[in-house]
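The file data-v6.txt comes next; it holds compact mmCIF, C-alpha atoms and all ligand atoms.
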# COMPACT_ATOMS: atom_id res chain seq x y z
CA MET A 337 10.67 -8.13 -1.71
CA THR A 338 11.02 -10.37 -4.72
CA SER A 339 9.91 -10.62 -8.28
CA VAL A 340 8.25 -13.90 -9.27
CA ASP A 341 8.97 -12.78 -12.85
CA PRO A 342 12.78 -12.41 -12.96
CA SER A 343 12.63 -10.29 -16.12
CA ILE A 344 11.46 -7.19 -14.24
CA ALA A 345 12.13 -5.73 -10.80
CA LEU A 346 9.21 -4.90 -8.53
CA SER A 347 10.28 -1.25 -8.17
CA ASP A 348 10.54 -0.81 -11.95
CA ALA A 349 7.07 -2.29 -12.52
CA LEU A 350 5.67 -0.08 -9.76
CA GLY A 351 7.14 2.95 -11.49
CA VAL A 352 5.40 1.95 -14.71
CA ILE A 353 1.94 1.28 -13.25
CA ALA A 354 2.08 4.54 -11.27
CA THR A 355 1.99 6.45 -14.57
CA THR A 356 -1.13 4.81 -15.95
CA PRO A 357 -3.91 7.37 -16.63
CA THR A 358 -6.64 5.62 -14.60
CA LEU A 359 -5.44 3.34 -11.81
CA LEU A 360 -7.44 0.85 -9.74
CA VAL A 361 -5.68 -0.19 -6.53
CA ALA A 362 -7.45 -3.31 -5.23
CA LEU A 363 -6.50 -5.09 -2.01
CA ASP A 364 -7.42 -8.25 -0.25
CA PHE A 365 -7.94 -7.52 3.46
CA ASP A 366 -7.02 -10.38 5.85
CA GLY A 367 -3.39 -11.48 5.60
CA THR A 368 -2.60 -8.67 3.16
CA LEU A 369 -3.60 -5.30 4.65
CA ALA A 370 -4.27 -6.76 8.10
CA PRO A 371 -2.05 -9.31 9.87
CA GLU A 372 -3.91 -12.50 10.76
CA VAL A 373 -5.37 -12.66 14.28
CA ASP A 374 -7.35 -15.32 16.17
CA GLN A 375 -10.65 -13.43 16.28
CA PRO A 376 -11.88 -12.26 12.83
CA GLY A 377 -13.55 -9.20 14.40
CA ALA A 378 -10.22 -7.99 15.83
CA ALA A 379 -8.40 -7.72 12.48
CA ARG A 380 -7.30 -4.20 11.43
CA ALA A 381 -5.26 -2.87 8.52
CA LEU A 382 -1.73 -1.84 9.41
CA PRO A 383 -1.75 1.95 10.00
CA ASP A 384 0.91 2.55 7.31
CA ALA A 385 -1.15 0.61 4.75
CA GLN A 386 -4.33 2.47 5.65
CA ALA A 387 -2.54 5.83 5.41
CA ALA A 388 -1.13 4.93 1.99
CA LEU A 389 -4.59 3.94 0.72
CA LEU A 390 -6.10 7.19 1.99
CA ARG A 391 -3.36 9.09 0.17
CA LEU A 392 -3.90 7.06 -3.02
CA VAL A 393 -7.65 7.58 -3.13
CA ASP A 394 -7.07 11.35 -3.04
CA GLN A 395 -4.93 11.26 -6.20
CA PRO A 396 -6.52 12.16 -9.54
CA GLY A 397 -7.55 9.18 -11.69
CA THR A 398 -7.09 6.74 -8.81
CA SER A 399 -9.63 4.37 -7.24
CA VAL A 400 -9.13 2.18 -4.17
CA ALA A 401 -11.08 -1.05 -3.62
CA LEU A 402 -11.02 -3.68 -0.89
CA VAL A 403 -11.86 -7.10 -2.31
CA SER A 404 -12.46 -9.55 0.51
CA GLY A 405 -13.91 -12.92 1.37
CA ARG A 406 -15.57 -11.32 4.38
CA ALA A 407 -19.23 -10.48 4.38
CA LEU A 408 -19.60 -6.85 3.32
CA ALA A 409 -20.86 -5.75 6.75
CA SER A 410 -17.86 -7.37 8.44
CA LEU A 411 -15.47 -5.82 5.91
CA GLN A 412 -16.98 -2.36 6.47
CA GLU A 413 -16.54 -2.76 10.22
CA VAL A 414 -12.96 -4.03 10.37
CA SER A 415 -11.59 -1.99 7.46
CA GLU A 416 -12.97 1.34 8.70
CA ALA A 417 -13.05 2.23 5.01
CA PRO A 418 -14.15 5.75 4.08
CA ALA A 419 -17.04 6.17 1.63
CA SER A 420 -14.52 6.83 -1.14
CA PHE A 421 -13.30 3.20 -1.08
CA LEU A 422 -15.11 0.66 -3.24
CA LEU A 423 -15.87 -2.50 -1.27
CA VAL A 424 -16.45 -6.06 -2.43
CA GLY A 425 -17.46 -8.72 0.11
CA SER A 426 -18.08 -12.47 0.15
CA HIS A 427 -15.50 -13.15 -2.59
CA GLY A 428 -17.34 -11.09 -5.23
CA VAL A 429 -20.94 -11.69 -4.15
CA GLU A 430 -21.54 -8.32 -2.39
CA TYR A 431 -20.61 -4.81 -3.59
CA ARG A 432 -20.54 -1.33 -2.08
CA VAL A 433 -20.11 0.82 -5.13
CA GLY A 434 -22.19 3.88 -4.35
CA GLY A 435 -24.90 2.39 -2.14
CA SER A 436 -24.86 -0.97 -0.39
CA THR A 437 -26.31 -3.94 -2.22
CA GLU A 438 -28.49 -6.68 -0.81
CA VAL A 439 -27.74 -10.25 -1.78
CA SER A 440 -30.87 -11.67 -3.31
CA LEU A 441 -31.31 -15.43 -2.93
CA SER A 442 -33.87 -17.58 -4.71
CA ASP A 443 -36.02 -20.02 -2.71
CA ASP A 444 -33.74 -22.88 -3.82
CA GLU A 445 -30.66 -20.95 -2.74
CA LEU A 446 -32.23 -20.12 0.62
CA ALA A 447 -33.01 -23.80 1.19
CA LEU A 448 -29.47 -24.79 0.20
CA ARG A 449 -28.03 -22.14 2.54
CA ARG A 450 -30.13 -23.55 5.42
CA THR A 451 -28.76 -27.04 4.70
CA VAL A 452 -25.18 -25.72 4.77
CA GLU A 453 -25.92 -23.93 8.05
CA THR A 454 -27.24 -27.14 9.64
CA ILE A 455 -24.27 -29.21 8.45
CA LEU A 456 -21.63 -26.76 9.68
CA HIS A 457 -23.29 -26.21 13.05
CA GLU A 458 -23.86 -29.94 13.66
CA ALA A 459 -20.34 -30.91 12.57
CA SER A 460 -18.67 -28.21 14.69
CA ALA A 461 -20.85 -28.70 17.80
CA PRO A 462 -18.49 -31.19 19.51
CA TYR A 463 -15.54 -28.77 19.26
CA ASP A 464 -15.22 -25.50 21.23
CA SER A 465 -12.24 -24.55 19.06
CA VAL A 466 -14.22 -24.52 15.80
CA ILE A 467 -16.22 -21.39 14.92
CA VAL A 468 -18.97 -21.00 12.32
CA GLU A 469 -19.20 -17.56 10.66
CA GLU A 470 -22.42 -16.48 8.92
CA LYS A 471 -22.37 -14.70 5.56
CA PRO A 472 -25.29 -13.56 3.39
CA ALA A 473 -24.83 -16.35 0.85
CA GLY A 474 -23.29 -19.04 3.03
CA PHE A 475 -21.21 -20.02 6.03
CA ALA A 476 -17.53 -20.38 6.90
CA LEU A 477 -15.97 -22.96 9.23
CA HIS A 478 -12.99 -21.48 11.10
CA THR A 479 -10.37 -23.89 12.49
CA ARG A 480 -7.59 -21.45 13.37
CA LEU A 481 -7.86 -22.30 17.08
CA ALA A 482 -8.29 -26.06 16.52
CA ASP A 483 -5.51 -28.68 16.53
CA GLU A 484 -4.66 -30.63 13.39
CA ALA A 485 -6.64 -33.74 14.32
CA THR A 486 -9.78 -31.71 15.04
CA THR A 487 -9.38 -29.72 11.80
CA THR A 488 -9.01 -32.90 9.74
CA ALA A 489 -11.99 -34.57 11.43
CA VAL A 490 -14.41 -31.64 11.25
CA GLN A 491 -13.53 -30.73 7.65
CA ALA A 492 -13.89 -34.38 6.55
CA GLU A 493 -17.31 -34.63 8.21
CA VAL A 494 -18.48 -31.37 6.62
CA ARG A 495 -17.25 -32.38 3.17
CA ARG A 496 -18.86 -35.83 3.46
CA ARG A 497 -22.26 -34.33 4.31
CA ILE A 498 -22.04 -31.45 1.81
CA ALA A 499 -21.38 -33.92 -1.02
CA VAL A 500 -24.56 -35.83 -0.12
CA GLU A 501 -26.92 -33.12 1.18
CA ALA A 502 -25.84 -29.94 -0.62
CA PRO A 503 -24.08 -30.83 -3.88
CA GLY A 504 -23.62 -27.79 -6.08
CA VAL A 505 -22.64 -25.30 -3.38
CA THR A 506 -19.36 -23.47 -4.01
CA GLU A 507 -16.50 -24.55 -1.73
CA ARG A 508 -13.66 -22.17 -0.94
CA LEU A 509 -10.66 -23.22 1.11
CA GLY A 510 -8.58 -20.48 2.74
CA LYS A 511 -6.16 -20.15 5.62
CA ASN A 512 -7.76 -22.10 8.48
CA VAL A 513 -11.17 -21.61 6.90
CA LEU A 514 -13.44 -23.84 4.82
CA GLU A 515 -16.35 -21.97 3.33
CA TYR A 516 -19.55 -22.78 1.42
CA SER A 517 -21.60 -20.33 -0.62
CA VAL A 518 -24.74 -20.68 -2.71
CA LYS A 519 -23.25 -18.04 -5.06
CA SER A 520 -20.22 -18.89 -7.17
CA ALA A 521 -18.70 -15.44 -7.80
CA SER A 522 -14.95 -15.03 -7.45
CA LYS A 523 -12.42 -12.26 -6.86
CA GLY A 524 -11.60 -12.48 -10.58
CA ASP A 525 -15.22 -11.57 -11.37
CA ALA A 526 -14.93 -8.70 -8.89
CA LEU A 527 -11.79 -7.28 -10.51
CA ASP A 528 -13.38 -7.53 -13.97
CA ARG A 529 -16.41 -5.60 -12.73
CA LEU A 530 -14.36 -2.97 -10.89
CA ARG A 531 -12.08 -2.50 -13.90
CA GLU A 532 -15.11 -1.79 -16.07
CA LEU A 533 -16.78 0.41 -13.46
CA THR A 534 -13.72 2.60 -12.87
CA GLY A 535 -12.46 2.58 -16.46
CA ALA A 536 -9.07 1.54 -15.14
CA THR A 537 -6.22 1.49 -17.64
CA ALA A 538 -4.25 -0.68 -15.19
CA VAL A 539 -5.03 -2.62 -12.01
CA PHE A 540 -2.83 -3.18 -8.95
CA PHE A 541 -4.01 -6.18 -6.90
CA ALA A 542 -2.44 -7.67 -3.77
CA GLY A 543 -3.55 -10.81 -1.91
CA ASP A 544 -2.25 -13.65 0.23
CA ASP A 545 -4.63 -16.58 0.02
CA VAL A 546 -5.72 -19.26 -2.42
CA THR A 547 -8.95 -17.40 -3.23
CA ASP A 548 -6.87 -14.38 -4.31
CA GLU A 549 -5.47 -16.46 -7.16
CA ASP A 550 -8.76 -15.90 -9.05
CA GLY A 551 -7.90 -12.21 -8.85
CA PHE A 552 -4.33 -12.67 -10.04
CA ARG A 553 -5.55 -14.74 -12.99
CA ALA A 554 -7.85 -11.88 -14.04
CA LEU A 555 -4.86 -9.54 -14.45
CA GLY A 556 -3.23 -8.73 -17.79
CA ASP A 557 0.20 -7.58 -18.95
CA SER A 558 -0.38 -3.94 -17.95
CA ASP A 559 -1.49 -4.87 -14.43
CA PHE A 560 0.46 -5.56 -11.24
CA GLY A 561 -0.16 -8.66 -9.11
CA LEU A 562 1.44 -8.85 -5.66
CA LYS A 563 1.37 -12.08 -3.64
CA CYS A 564 1.90 -11.69 0.11
CA GLY A 565 3.58 -14.71 1.71
CA ARG A 566 4.38 -18.22 0.58
CA GLY A 567 2.58 -20.56 -1.81
CA GLU A 568 2.02 -21.10 -5.51
CA THR A 569 0.85 -17.97 -7.28
CA ALA A 570 -0.09 -16.46 -10.60
CA ALA A 571 1.04 -13.04 -9.33
CA ARG A 572 4.12 -11.48 -10.92
CA PHE A 573 5.57 -10.18 -7.65
CA ARG A 574 5.87 -11.40 -4.09
CA VAL A 575 6.53 -9.93 -0.63
CA ASP A 576 6.79 -11.70 2.72
CA ALA A 577 4.23 -10.04 4.97
CA PRO A 578 1.56 -7.32 5.35
CA ALA A 579 4.25 -4.84 6.51
CA ASP A 580 5.92 -5.25 3.10
CA VAL A 581 2.59 -4.68 1.32
CA ALA A 582 2.28 -1.45 3.30
CA HIS A 583 5.72 -0.34 2.05
CA VAL A 584 4.79 -1.08 -1.57
CA LEU A 585 1.56 0.93 -1.14
CA GLU A 586 3.51 3.83 0.39
CA ASP A 587 5.89 3.80 -2.60
CA LEU A 588 2.97 3.65 -5.04
CA ALA A 589 1.24 6.55 -3.27
CA GLU A 590 4.43 8.62 -3.40
CA LEU A 591 4.94 7.88 -7.10
CA ARG A 592 1.32 8.69 -7.90
CA ALA A 593 1.41 11.93 -5.89
CA HIS A 594 4.64 12.96 -7.61
CA LEU A 595 2.96 12.39 -10.97
CA GLY A 596 0.05 14.59 -9.86
CA ARG A 597 2.48 17.37 -8.94
CA ALA A 598 4.49 17.10 -12.19
O1 LIG A 601 -10.35 -12.33 1.42
P1 LIG A 601 -9.89 -11.90 2.77
O2 LIG A 601 -10.10 -10.44 3.05
O3 LIG A 601 -8.47 -12.33 3.07
O4 LIG A 601 -10.83 -12.70 3.80
C1 LIG A 601 -10.61 -14.10 3.98
C2 LIG A 601 -11.26 -14.54 5.28
O5 LIG A 601 -10.78 -13.63 6.27
C3 LIG A 601 -11.27 -13.83 7.60
O6 LIG A 601 -10.69 -15.01 8.11
C4 LIG A 601 -9.27 -15.01 8.09
O7 LIG A 601 -8.78 -13.91 8.91
C5 LIG A 601 -9.12 -14.03 10.33
C6 LIG A 601 -8.58 -12.77 11.02
O8 LIG A 601 -7.19 -12.64 10.83
C7 LIG A 601 -8.49 -15.32 10.89
O9 LIG A 601 -8.85 -15.47 12.27
C8 LIG A 601 -8.99 -16.54 10.09
O10 LIG A 601 -8.27 -17.71 10.50
C9 LIG A 601 -8.72 -16.34 8.58
O11 LIG A 601 -9.30 -17.40 7.82
C10 LIG A 601 -12.77 -13.85 7.62
O12 LIG A 601 -13.22 -14.22 8.90
C11 LIG A 601 -13.36 -14.78 6.57
O13 LIG A 601 -14.77 -14.59 6.50
C12 LIG A 601 -12.79 -14.43 5.20
O14 LIG A 601 -13.29 -15.33 4.21

In C-alpha cells, what does this structure look like?
Amino acid sequence: MTSVDPSIALSDALGVIATTPTLLVALDFDGTLAPEVDQPGAARALPDAQAALLRLVDQPGTSVALVSGRALASLQEVSEAPASFLLVGSHGVEYRVGGSTEVSLSDDELALRRTVETILHEASAPYDSVIVEEKPAGFALHTRLADEATTTAVQAEVRRRIAVEAPGVTERLGKNVLEYSVKSASKGDALDRLRELTGATAVFFAGDDVTDEDGFRALGDSDFGLKCGRGETAARFRVDAPADVAHVLEDLAELRAHLGRA
C-alpha cells in the first residue's frame, strides 16, 4: 500500500478519518470491491470487503454507499447490497436512497438513446467478442473479450458515427468499455449529493477506473481518496488490487468500531 501524497502515511490518514463524527464510506464496485471478470453479471465483491462494509454500516454515524457505472438494477444484483447501503448507478444518473428512482428521459433524450443503440448494435454486429450492455440512459460497448485490432476498429467506427449522428451524448471510457449516455452526471456529482444527504463530515472514496477520477476530484482536505491499481490519479492514496482495498476497509471498520466502544 502506498501514499500518493508522501507527506502522510495511509494508516495515519485512516486513523484520522475514522474519528470524524459523520462518515460516508463510498466505493466503486468493479475493479475495486470486485475483481474484474469476463462476464459483468458474474462479478462479486470480495467476501472480506463485503464483511467490512456490513460492519461499517452498523457503526453509529456511518453510511455506506456503492457508486458505480453499472445500471442500478445490475448493481443491486451483483453487489447483493442490503437495504442499508445507499446505491448510485449509471455513473451518478440513478440513485437508491430510500426508494428506487426511475430515470426520466425527455422525447429528445429517448430519440438520442435509440440512435446510440442502433450505432452500437450495428458496429458490434460483425464481432462475436464485442458485447453491448443496455443501461437506462444509454449503452456500453464491452471489448474485454476482443483482440486489440477488433477493439480499435469497433471503437473507431462507433466514435465516427456518434460524432455525426448523436453529437452531444456523454462519452465515458473505462477498462475495456466505451459507453454513451444521454445524461451527463458524474461520480463527482454523486459524491456531492451523498455528502449533503448524509451530512458527512468526511468522505472515504475508493475507485480504480478513469471515471472514478471525477469522484476523487470532488474530495476535499478532510476526505480520503484511495486509487486501486495503476494509472494517473487525483487520489491521495493508492493500493494495488481489490484485496488491498478489502484490507483497508477492514482496518477502517476496526478503527470505527473501536471508537464506538470508547
Ligand atoms: O463504476 P464501476 O462499478 O467500476 O463499473 C464500471 C463498469 O463495470 C462493469 O464493466 C467492467 O467490469 C466487468 C466485470 O468485471 C468487466 O467484464 C468489464 O470489462 C469492465 O468494463 C459494467 O459492466 C459496466 O456497466 C460498468 O460501467

At a cut-off of 8 Å around ligand LIG 601 (chain A), and using all atoms listed in the file, what residues come up? Please write them as JSON, numbers by chain. {"A": [364, 365, 366, 367, 368, 370, 371, 372, 373, 374, 375, 376, 377, 378, 379, 402, 403, 404, 405, 406, 407, 411, 426, 427, 469, 471, 476, 478, 479, 480, 510, 511, 512, 513, 515, 543, 544, 545, 547, 548]}

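Look at A:Leu477: the protein and nucleic acid residues within 10 Å of it, using only C-alpha atoms and passing over chain neighbours fewer than 2 places away, are A:Leu456, A:His457, A:Ala459, A:Ser460, A:Val466, A:Ile467, A:Val468, A:Glu469, A:Glu470, A:Phe475, A:Thr479, A:Arg480, A:Thr487, A:Val490, A:Gln491, A:Val494, A:Leu509, A:Asn512, A:Val513, A:Leu514, A:Glu515, A:Tyr516.
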
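These residues, each with an atom at most 8 Å from (-7.6, -8.9, -14.3) using all atoms listed in the file, are Gly524, Leu527, Asp528, Arg531, Val539, Gly551, Phe552, Arg553, Ala554, Leu555, Gly556 and Asp559 of chain A.
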
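When only C-alpha atoms are used to compute distances to A:Gly474, the closest of the residues A:Leu533, A:Glu586, A:Arg449, A:Ile498 turns out to be A:Arg449.
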
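If you count all atoms listed in the file and ignore residues fewer than 5 places along the chain from A:Gly434, what sits within 10 Å of it is Ala419, Ser420, Phe421, Leu422 and Leu423 of chain A.
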
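Interatomic distance, atom CA of A:Leu585 against atom CA of A:Ala388: 5.7 Å.
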
Would you mind telling me which residue in A:Glu438, A:Arg496, A:Ala521, A:Pro418 lies nearest to A:Ile455 when using all atoms listed in the file? A:Arg496

A:Ala502 environment, 7 Å, all atoms listed in the file, sequence neighbours closer than 6 positions dropped, as a PyMOL selection string: chain A and resi 448+451-452

Restrict the selected residues to C-alpha atoms and save them as a PDB file, in the coordinates of the input.
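Output file part.pdb is given in full below:
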ATOM      1  CA  LEU A 448     -29.470 -24.790   0.200  1.00  0.00           C
ATOM      2  CA  THR A 451     -28.760 -27.040   4.700  1.00  0.00           C
ATOM      3  CA  VAL A 452     -25.180 -25.720   4.770  1.00  0.00           C
TER       4      VAL A 452
END

Any idea what's packed within 8 Å of A:Val429, counting all atoms listed in the file, ignoring anything in its chain fewer than 3 positions away? Could you give it as a list in words? Val424, Gly425, Ser426, Val439, Ala473, Lys519, Ser520, Ala521 and Ser522 of chain A

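Residue nearest A:Ser558, chosen from A:Ala381, A:Ala489, A:Ala538, A:Leu346 and counting all atoms listed in the file: A:Ala538.
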
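Here atom CA of A:Leu408 is placed at a distance of 19.9 Å from atom CA of A:Arg450.
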
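Residue nearest A:Glu507 within the list A:Val400, A:Tyr431, A:Arg495, A:Gly565: A:Arg495 [criterion: smallest interatomic distance, only C-alpha atoms].
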
N, CA and C atoms are needed for stretch 541-572 of chain A; please write them out as a PDB file, in the frame of the given file.
ATOM      1  N   PHE A 541      -3.259  -5.309  -7.822  1.00  0.00           N
ATOM      2  CA  PHE A 541      -4.010  -6.180  -6.900  1.00  0.00           C
ATOM      3  C   PHE A 541      -3.036  -6.953  -6.026  1.00  0.00           C
ATOM      4  N   ALA A 542      -3.277  -6.922  -4.710  1.00  0.00           N
ATOM      5  CA  ALA A 542      -2.440  -7.670  -3.770  1.00  0.00           C
ATOM      6  C   ALA A 542      -3.307  -8.610  -2.945  1.00  0.00           C
ATOM      7  N   GLY A 543      -2.814  -9.822  -2.706  1.00  0.00           N
ATOM      8  CA  GLY A 543      -3.550 -10.810  -1.910  1.00  0.00           C
ATOM      9  C   GLY A 543      -2.623 -11.874  -1.375  1.00  0.00           C
ATOM     10  N   ASP A 544      -3.125 -12.657  -0.413  1.00  0.00           N
ATOM     11  CA  ASP A 544      -2.250 -13.650   0.230  1.00  0.00           C
ATOM     12  C   ASP A 544      -2.756 -15.071   0.161  1.00  0.00           C
ATOM     13  N   ASP A 545      -4.023 -15.262  -0.175  1.00  0.00           N
ATOM     14  CA  ASP A 545      -4.630 -16.580   0.020  1.00  0.00           C
ATOM     15  C   ASP A 545      -4.974 -17.249  -1.315  1.00  0.00           C
ATOM     16  N   VAL A 546      -5.394 -18.492  -1.212  1.00  0.00           N
ATOM     17  CA  VAL A 546      -5.720 -19.260  -2.420  1.00  0.00           C
ATOM     18  C   VAL A 546      -6.834 -18.586  -3.222  1.00  0.00           C
ATOM     19  N   THR A 547      -7.825 -18.030  -2.519  1.00  0.00           N
ATOM     20  CA  THR A 547      -8.950 -17.400  -3.230  1.00  0.00           C
ATOM     21  C   THR A 547      -8.522 -16.123  -3.958  1.00  0.00           C
ATOM     22  N   ASP A 548      -7.365 -15.564  -3.594  1.00  0.00           N
ATOM     23  CA  ASP A 548      -6.870 -14.380  -4.310  1.00  0.00           C
ATOM     24  C   ASP A 548      -6.290 -14.743  -5.675  1.00  0.00           C
ATOM     25  N   GLU A 549      -6.021 -16.032  -5.865  1.00  0.00           N
ATOM     26  CA  GLU A 549      -5.470 -16.460  -7.160  1.00  0.00           C
ATOM     27  C   GLU A 549      -6.460 -16.201  -8.299  1.00  0.00           C
ATOM     28  N   ASP A 550      -7.772 -16.262  -8.008  1.00  0.00           N
ATOM     29  CA  ASP A 550      -8.760 -15.900  -9.050  1.00  0.00           C
ATOM     30  C   ASP A 550      -8.538 -14.460  -9.488  1.00  0.00           C
ATOM     31  N   GLY A 551      -8.193 -13.606  -8.529  1.00  0.00           N
ATOM     32  CA  GLY A 551      -7.900 -12.210  -8.850  1.00  0.00           C
ATOM     33  C   GLY A 551      -6.639 -12.072  -9.675  1.00  0.00           C
ATOM     34  N   PHE A 552      -5.584 -12.770  -9.284  1.00  0.00           N
ATOM     35  CA  PHE A 552      -4.330 -12.670 -10.040  1.00  0.00           C
ATOM     36  C   PHE A 552      -4.520 -13.167 -11.484  1.00  0.00           C
ATOM     37  N   ARG A 553      -5.340 -14.205 -11.638  1.00  0.00           N
ATOM     38  CA  ARG A 553      -5.550 -14.740 -12.990  1.00  0.00           C
ATOM     39  C   ARG A 553      -6.359 -13.797 -13.872  1.00  0.00           C
ATOM     40  N   ALA A 554      -7.060 -12.842 -13.255  1.00  0.00           N
ATOM     41  CA  ALA A 554      -7.850 -11.880 -14.040  1.00  0.00           C
ATOM     42  C   ALA A 554      -7.000 -10.684 -14.489  1.00  0.00           C
ATOM     43  N   LEU A 555      -5.727 -10.654 -14.089  1.00  0.00           N
ATOM     44  CA  LEU A 555      -4.860  -9.540 -14.450  1.00  0.00           C
ATOM     45  C   LEU A 555      -4.222  -9.759 -15.816  1.00  0.00           C
ATOM     46  N   GLY A 556      -3.892  -8.651 -16.482  1.00  0.00           N
ATOM     47  CA  GLY A 556      -3.230  -8.730 -17.790  1.00  0.00           C
ATOM     48  C   GLY A 556      -1.824  -8.162 -17.723  1.00  0.00           C
ATOM     49  N   ASP A 557      -1.201  -8.009 -18.893  1.00  0.00           N
ATOM     50  CA  ASP A 557       0.200  -7.580 -18.950  1.00  0.00           C
ATOM     51  C   ASP A 557       0.434  -6.189 -18.379  1.00  0.00           C
ATOM     52  N   SER A 558      -0.571  -5.309 -18.451  1.00  0.00           N
ATOM     53  CA  SER A 558      -0.380  -3.940 -17.950  1.00  0.00           C
ATOM     54  C   SER A 558      -0.639  -3.829 -16.455  1.00  0.00           C
ATOM     55  N   ASP A 559      -1.103  -4.914 -15.845  1.00  0.00           N
ATOM     56  CA  ASP A 559      -1.490  -4.870 -14.430  1.00  0.00           C
ATOM     57  C   ASP A 559      -0.328  -5.309 -13.534  1.00  0.00           C
ATOM     58  N   PHE A 560      -0.582  -5.260 -12.226  1.00  0.00           N
ATOM     59  CA  PHE A 560       0.460  -5.560 -11.240  1.00  0.00           C
ATOM     60  C   PHE A 560      -0.138  -6.473 -10.178  1.00  0.00           C
ATOM     61  N   GLY A 561       0.329  -7.715 -10.116  1.00  0.00           N
ATOM     62  CA  GLY A 561      -0.160  -8.660  -9.110  1.00  0.00           C
ATOM     63  C   GLY A 561       0.893  -8.866  -8.034  1.00  0.00           C
ATOM     64  N   LEU A 562       0.497  -8.736  -6.776  1.00  0.00           N
ATOM     65  CA  LEU A 562       1.440  -8.850  -5.660  1.00  0.00           C
ATOM     66  C   LEU A 562       0.955  -9.912  -4.678  1.00  0.00           C
ATOM     67  N   LYS A 563       1.701 -11.003  -4.589  1.00  0.00           N
ATOM     68  CA  LYS A 563       1.370 -12.080  -3.640  1.00  0.00           C
ATOM     69  C   LYS A 563       2.069 -11.782  -2.314  1.00  0.00           C
ATOM     70  N   CYS A 564       1.332 -11.890  -1.218  1.00  0.00           N
ATOM     71  CA  CYS A 564       1.900 -11.690   0.110  1.00  0.00           C
ATOM     72  C   CYS A 564       2.076 -13.048   0.771  1.00  0.00           C
ATOM     73  N   GLY A 565       3.320 -13.438   1.042  1.00  0.00           N
ATOM     74  CA  GLY A 565       3.580 -14.710   1.710  1.00  0.00           C
ATOM     75  C   GLY A 565       3.909 -15.835   0.750  1.00  0.00           C
ATOM     76  N   ARG A 566       3.943 -17.058   1.352  1.00  0.00           N
ATOM     77  CA  ARG A 566       4.380 -18.220   0.580  1.00  0.00           C
ATOM     78  C   ARG A 566       3.234 -18.854  -0.211  1.00  0.00           C
ATOM     79  N   GLY A 567       3.584 -19.797  -1.074  1.00  0.00           N
ATOM     80  CA  GLY A 567       2.580 -20.560  -1.810  1.00  0.00           C
ATOM     81  C   GLY A 567       2.628 -20.268  -3.298  1.00  0.00           C
ATOM     82  N   GLU A 568       2.119 -21.242  -4.057  1.00  0.00           N
ATOM     83  CA  GLU A 568       2.020 -21.100  -5.510  1.00  0.00           C
ATOM     84  C   GLU A 568       1.219 -19.860  -5.856  1.00  0.00           C
ATOM     85  N   THR A 569       1.624 -19.160  -6.918  1.00  0.00           N
ATOM     86  CA  THR A 569       0.850 -17.970  -7.280  1.00  0.00           C
ATOM     87  C   THR A 569       0.942 -17.645  -8.754  1.00  0.00           C
ATOM     88  N   ALA A 570      -0.091 -16.996  -9.245  1.00  0.00           N
ATOM     89  CA  ALA A 570      -0.090 -16.460 -10.600  1.00  0.00           C
ATOM     90  C   ALA A 570       0.324 -14.995 -10.604  1.00  0.00           C
ATOM     91  N   ALA A 571       0.620 -14.447  -9.420  1.00  0.00           N
ATOM     92  CA  ALA A 571       1.040 -13.040  -9.330  1.00  0.00           C
ATOM     93  C   ALA A 571       2.463 -12.902  -9.872  1.00  0.00           C
ATOM     94  N   ARG A 572       2.780 -11.704 -10.374  1.00  0.00           N
ATOM     95  CA  ARG A 572       4.120 -11.480 -10.920  1.00  0.00           C
ATOM     96  C   ARG A 572       5.139 -11.135  -9.836  1.00  0.00           C
TER      97      ARG A 572
END
